[in-house]
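Here the structure comes first, spelled out in structure tokens, and everything after it is commentary.
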Amino acid sequence: ANNPVIRHFGSGTLLSVADRYFVVTAGHVIRKASDGQSTVGITGSLENYFIATAGKWIVSAQTQNGNDYDPFDIAIYQLEQSQIEKLGERTFLRIVDVSFLSDLSHGFFVVSGFPSIWSTETSGVFEKMNLRLLQYSTYAYNRSTAALSGYDSRYHLLLEAKAEHAVDFTGAVMNFS
């Protein structure tokens, strides 16, 4: 939010580790919001309700490897108890749901989120923000990655994606513009 305008910057995941609760998103989402001097909020349990997450984000650094590229592109925010209560019955991913030992090279994946290019911003008190869900099902990329600048298999999971395979719920090819 940058009063009076509210716009969508990205999607995130709710994560719990022991008795701590977090929001995890891409670092570029938080950097973009910060560049615009916007207050970052997450959706609360009530319709038309946002929970401000100002000031305490931890964001991976773009210059950590001596260049302007951030291979991790991650941001994390620890939620306070009052914020957790405002989330209601939201489900948190637990650390036991995560494994770094699994071989994902033959996996099948579903990517889900709300791309900002498909959202509308609001500027009025009673105006609703419209978001459009993206769900994409695919396999792990299994060809040569030599030509991909910045790709590092220790940090990245590359998925197979072709524009002609991106279809909406009716089967029509999707338009990403």
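For the structure tokens, the naming scheme is as follows: chains receive sequential letters (A, B, ...) according to their order of presentation, residues are indexed from 1 within each chain, and ligands are indexed from 1 in presentation order.
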
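Residues in contact range of Asp168 (chain A), defined as at most 12 Å between only C-alpha atoms, with sequence neighbours fewer than 3 positions away removed, read Arg132, Leu133, Leu134, Gln135, Tyr136, Ser137, Ala163, Glu164, His165, Gly171, Ala172, Val173, Met174, Asn175 and Phe176 of chain A.
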
Got a sec: who's within 9 Å of region 17-19 of chain A, counting only C-alpha atoms, leaving out chain neighbours fewer than 3 positions off, as an mmCIF file with N, CA, C and O atoms, in the first residue's frame?
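Result file around23.cif:
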data_model
loop_
_atom_site.group_PDB
_atom_site.id
_atom_site.type_symbol
_atom_site.label_atom_id
_atom_site.label_comp_id
_atom_site.auth_asym_id
_atom_site.auth_seq_id
_atom_site.Cartn_x
_atom_site.Cartn_y
_atom_site.Cartn_z
ATOM 1 N N PHE A 22 6.228 -17.472 9.983
ATOM 2 C CA PHE A 22 6.864 -16.597 9.008
ATOM 3 C C PHE A 22 6.042 -16.481 7.729
ATOM 4 O O PHE A 22 5.237 -17.353 7.418
ATOM 5 N N LEU A 93 2.850 -24.016 6.126
ATOM 6 C CA LEU A 93 3.751 -25.091 5.768
ATOM 7 C C LEU A 93 4.657 -25.303 6.968
ATOM 8 O O LEU A 93 5.115 -24.343 7.584
ATOM 9 N N ARG A 94 4.894 -26.552 7.326
ATOM 10 C CA ARG A 94 5.759 -26.837 8.465
ATOM 11 C C ARG A 94 7.132 -27.272 7.970
ATOM 12 O O ARG A 94 7.270 -27.769 6.863
ATOM 13 N N ILE A 95 8.137 -27.091 8.789
ATOM 14 C CA ILE A 95 9.502 -27.441 8.395
ATOM 15 C C ILE A 95 9.610 -28.942 8.094
ATOM 16 O O ILE A 95 10.394 -29.343 7.245
ATOM 17 N N VAL A 96 8.787 -29.776 8.731
ATOM 18 C CA VAL A 96 8.819 -31.216 8.444
ATOM 19 C C VAL A 96 8.269 -31.524 7.049
ATOM 20 O O VAL A 96 8.471 -32.624 6.533
#

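Between Ile30 (chain A) and the candidates A:Val59, A:Val5, A:Ala52, A:Leu15, the tightest atom-to-atom separation, counting only C-alpha atoms, involves A:Val59.
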
Exercise. Ser16 (chain A): which residues within 6 Å, counting only C-alpha atoms, same-chain residues fewer than 2 positions away excluded, as a PyMOL selection string?
Worked result: chain A and resi 20-21+92+94

For this session: Determine which residues of region 35-108 of chain A DSSP labels as strand (DSSP E) from the backbone of this structure, then write them out as a list in words.
Result: Gly41, Ile42, Thr43, Phe50, Ile51, Ala52, Ile58, Val59, Ala75, Ile76, Tyr77, Gln78, Leu93, Arg94 and Phe108 of chain A
